[in-house]
Amino acid sequence: MTDNDDMKLDKAFSQLLRYASETPVPPGAQSHLMARIRATPQLGYTQELQPRMKLPYFRPALGLPLAASLLLGIYLGTQDSFDNIWSDTITGLVLADPPEPGVTNGFEDIEQYADGELT
Amino acid sequence: MLLASARRDADAFEELVRRYHASVYRMVWRMLNGNGETEDVAQEAFVKLWQNPAQVREPKALKGWLMRVASNLAIDSLRRKVHTDIEAVPDIVDPAPSSGVELEKRAAAKRVDEALAKLPERQKLAVTLVYFEGMSNISAASVMNVSVDALESILSRSRRSLKENLAADWRALLQELDPELGYR
């Protein structure tokens, strides 16, 4: 079927449907429906129609103690007041300590090797 | 208005009924081929809306929503049991004596109604929404939950089916409408 045929058929179809019966809507249909509506309880719509719960007004305030705690931590970290109660690894004292006597790393002997005192 | 209805305001809901009931009723009547269950099925769509109005999010989509729910209910009803054929539905009695022309018109209407009744569900729904209810292809496609292209394809098949269903009557009816056109 060509487009032209289809268009012609569409036009004929529209005209033909004028012949179809008009739907008889019974006069009392709407009042019957409303009587049924008034007798029918609504189901759990209330929650769905409620506006989305607002954020509690104090929510931003919850961040304040966290921020204060962070700042206090940074401040105390820059002070030496608590170094004695933290481990040496944290305070960096291990690195600051001199090597123990008797423990050599070999570098001390370089000059002696160079002078021929050691073989 | 929809929100007012949702708040259990039956008076506001009545306005919705006044506005959309006739369209829903006509569509269901077509789908059920004039069956006596039409009123119950049309009512059911509104009761569903009344019970849970939050299902319709956009007020603009209300008519489409009602048509979709009602058409689904009508199709369910059709599938549940065999309905009275439109041929068996008694004609509405006109108290005024009918002229020969009126009788001819009624006979033609009956032939067209019968041909429409024989269309498959989806074709019948598409024809009802677009041709009888004057919905745009976009709105009708939305009601049927298909693309506009798919709707146009359904409509095209409906036209061919109706032509086949009417067979010889097709030409005669169109000639009666407009002899100048000379439809084949």
# chains A, B, ... in the order shown; residues from 1 in each chain; ligands from 1

$ closest_atom_pairs --of "chain B" --to "chain A" --cutoff "6 Å" --atoms "only C-alpha atoms" --output "JSON lines"
{"residue": "B:Arg26", "atom": "CA", "partner": "A:Thr23", "partner_atom": "CA", "distance": 5.7}
{"residue": "B:Gln43", "atom": "CA", "partner": "A:Leu33", "partner_atom": "CA", "distance": 5.8}
{"residue": "B:Gln51", "atom": "CA", "partner": "A:Gln42", "partner_atom": "CA", "distance": 4.1}
{"residue": "B:Asn52", "atom": "CA", "partner": "A:Tyr45", "partner_atom": "CA", "distance": 5.5}
{"residue": "B:Ala109", "atom": "CA", "partner": "A:Ala20", "partner_atom": "CA", "distance": 4.5}
{"residue": "B:Val112", "atom": "CA", "partner": "A:Ala20", "partner_atom": "CA", "distance": 5.5}
{"residue": "B:Asp113", "atom": "CA", "partner": "A:Ala20", "partner_atom": "CA", "distance": 5.6}

$ atom_distance --atom1 "CA of Leu49 in chain B" --atom2 "CA of Asn35 in chain B"
23.0 Å
